[in-house]
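In what follows, a single structure is set out as structure tokens and then discussed.
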Amino acid sequence: MPRLVSCQSDGCAPIVRAYASGERFATRFEGAHTVASGLRVPAAVGDFMMLDAIRESGGLAMTGREERIGEWMRRASAAEGVSVCPETAVCYDCLEQLRQRGLVRTEEAVVVYNTGAAQKYLEALPVDLPRLDRNQPVEQALAGGR
């Protein structure tokens with residue numbers, strides 16, 4: 001059986017907190033905030049089932065860093081040519097941490113599920129577009145910057 005890893009944003013991590021404290025049930029995560037709306041679940045209904053499965057598989061529960069979500073969305077999309085959602089970006093951040101700790105080796109097979117597409121999360125990737133001076137020709141405005 002593969003090891004299961006529950007990845008949550010550090011902005012909403014009730015399963016991680018319950019796993020770390022050895023609890024079978026997660027308490028409500030107050031003040032939950034994350035751009036990964038699919039992970040913004042302060043009180044999971046199936047908490048005990050997730051925690052049981054994680055422990056039985058020899059896996060773990062951990063947090064990805066909220067501030068790295070945009071970076072991972074860009075990196076994963078550039079590397080694979082597939083737009084990834086913020087929830088998947090959290091998983092990539094967790095995977096990087098696992099690799100750095102030596103808990104996942106390069107020769108191991110890892111499955112990361114992409115549960116959505118970046119296009120659904122415009123707020124997650126703010127775009128810095130150039131401002132054009134309407135009093136200049138378009139070519140000059142584009143060449144001149146902002």
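Ligands are numbered from 1 in the order shown, chains are lettered A, B, ... in the order of the structure tokens, and residues start at 1 in each chain.
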**OP:** Run DSSP on the backbone of this structure and report the residues of chain A it assigns to strand (DSSP E), as a list in words.
**Re:**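 Checking each residue of chain A, the strand (DSSP E) ones are Val5, Ser6, Cys7, Gln8, Ser9, Leu60, Ala61, Met62, Thr63 and Gly64 of chain A.
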List as a PDB file with C-alpha atoms, in the first residue's frame the protein and nucleic acid residues near segment 23-30 of chain A, meaning an atom at most 8 Å away when only C-alpha atoms are counted, but skip any in the same chain fewer than 4 places from it.
ATOM      1  CA  CYS A  12      -6.134  25.893   7.287  1.00  0.00           C
ATOM      2  CA  ALA A  13      -4.699  22.671   8.664  1.00  0.00           C
ATOM      3  CA  PRO A  14      -7.030  20.852  11.081  1.00  0.00           C
ATOM      4  CA  ILE A  15      -5.976  17.366   9.884  1.00  0.00           C
ATOM      5  CA  ARG A  17      -2.862  19.553  13.727  1.00  0.00           C
ATOM      6  CA  ALA A  18      -4.813  16.431  14.762  1.00  0.00           C
ATOM      7  CA  TYR A  19      -2.188  14.142  13.205  1.00  0.00           C
ATOM      8  CA  PRO A  42     -11.954  24.161   8.962  1.00  0.00           C
ATOM      9  CA  ALA A  43     -13.972  21.146  10.202  1.00  0.00           C
ATOM     10  CA  ALA A  44     -13.834  17.980   8.099  1.00  0.00           C
ATOM     11  CA  ASP A  47     -11.576  13.538   9.749  1.00  0.00           C
ATOM     12  CA  PHE A  48     -11.239  10.225  11.588  1.00  0.00           C
ATOM     13  CA  LEU A  51      -6.434  10.176   9.974  1.00  0.00           C
ATOM     14  CA  ASP A  52      -6.931   6.402  10.251  1.00  0.00           C
TER      15      ASP A  52
END
**OP:** Can you check which residues of chain A DSSP gives as alpha helix (DSSP H) on the backbone and send them as number ranges by chain?
**Re:** A: 14-20, 47-56, 69-80, 86-100, 138-144
Subject >> Top pick for closest residue to Arg68 of chain A, considering A:Leu103, A:Val35, A:Leu4, A:Leu132 and counting only C-alpha atoms >> reply: A:Val35
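Minimum distance to Leu60 of chain A across A:Asn135, A:Ser83, A:Ser6, A:Thr115 (counting only C-alpha atoms) occurs at A:Ser6.
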Subject >> Pick from A:Leu39, A:Ala53, A:Ala109, A:Asn114, whichever lies nearest to Ser77 of chain A using only C-alpha atoms >> reply: A:Asn114
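Compared by their closest atoms to His33 of chain A, and using only C-alpha atoms, the residues A:Arg55, A:Gly46, A:Gln8, A:Val111 rank with A:Gln8 nearest.
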**OP:** Find the distance between atom CA of Gly38 of chain A and atom CA of Gly59 of chain A and write it in Å to one decimal.
**Re:**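 It comes out at 21.3 Å.
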Original post:
For the atom pair atom CA of Gly22 of chain A and atom CA of Val90 of chain A, what is the interatomic distance in Å to one decimal place?
Top reply: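 Going from atom CA of Gly22 of chain A over to atom CA of Val90 of chain A, I get 22.8 Å.
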Subject >> Counting only C-alpha atoms, the option among A:Met1, A:Met62, A:Ala76, A:Ile54 closest to Gln97 of chain A >> reply: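 Distance minimum relative to Gln97 of chain A lands on A:Met62.
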Subject >> 7 Å contact set for Glu66 of chain A, only C-alpha atoms, chain neighbours under 5 positions out, as a ChimeraX atom specification >> reply: /A:9-11,34
Print the selection's residues with C-alpha atoms to a file, as a compact mmCIF listing (two decimals), in the first residue's frame.
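Contents of again-v3.txt, as written:
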# COMPACT_ATOMS: atom_id res chain seq x y z
CA SER A 9 -2.21 24.91 3.55
CA ASP A 10 -0.71 26.33 6.73
CA GLY A 11 -3.68 28.73 6.61
CA THR A 34 -6.14 30.10 2.07
Subject >> Contact residues around Glu108 of chain A with only C-alpha atoms at 12 Å, ignoring same-chain residues under 2 positions, as an NGL selection string >> reply: :A and (2-3 or 95 or 98-99 or 102-106 or 110-111)
Original post:
What separation in Å, quoted to one decimal, exists between atom CA of Cys91 of chain A and atom CA of Ser37 of chain A?
Top reply: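 Distance between the two atoms: 14.0 Å.
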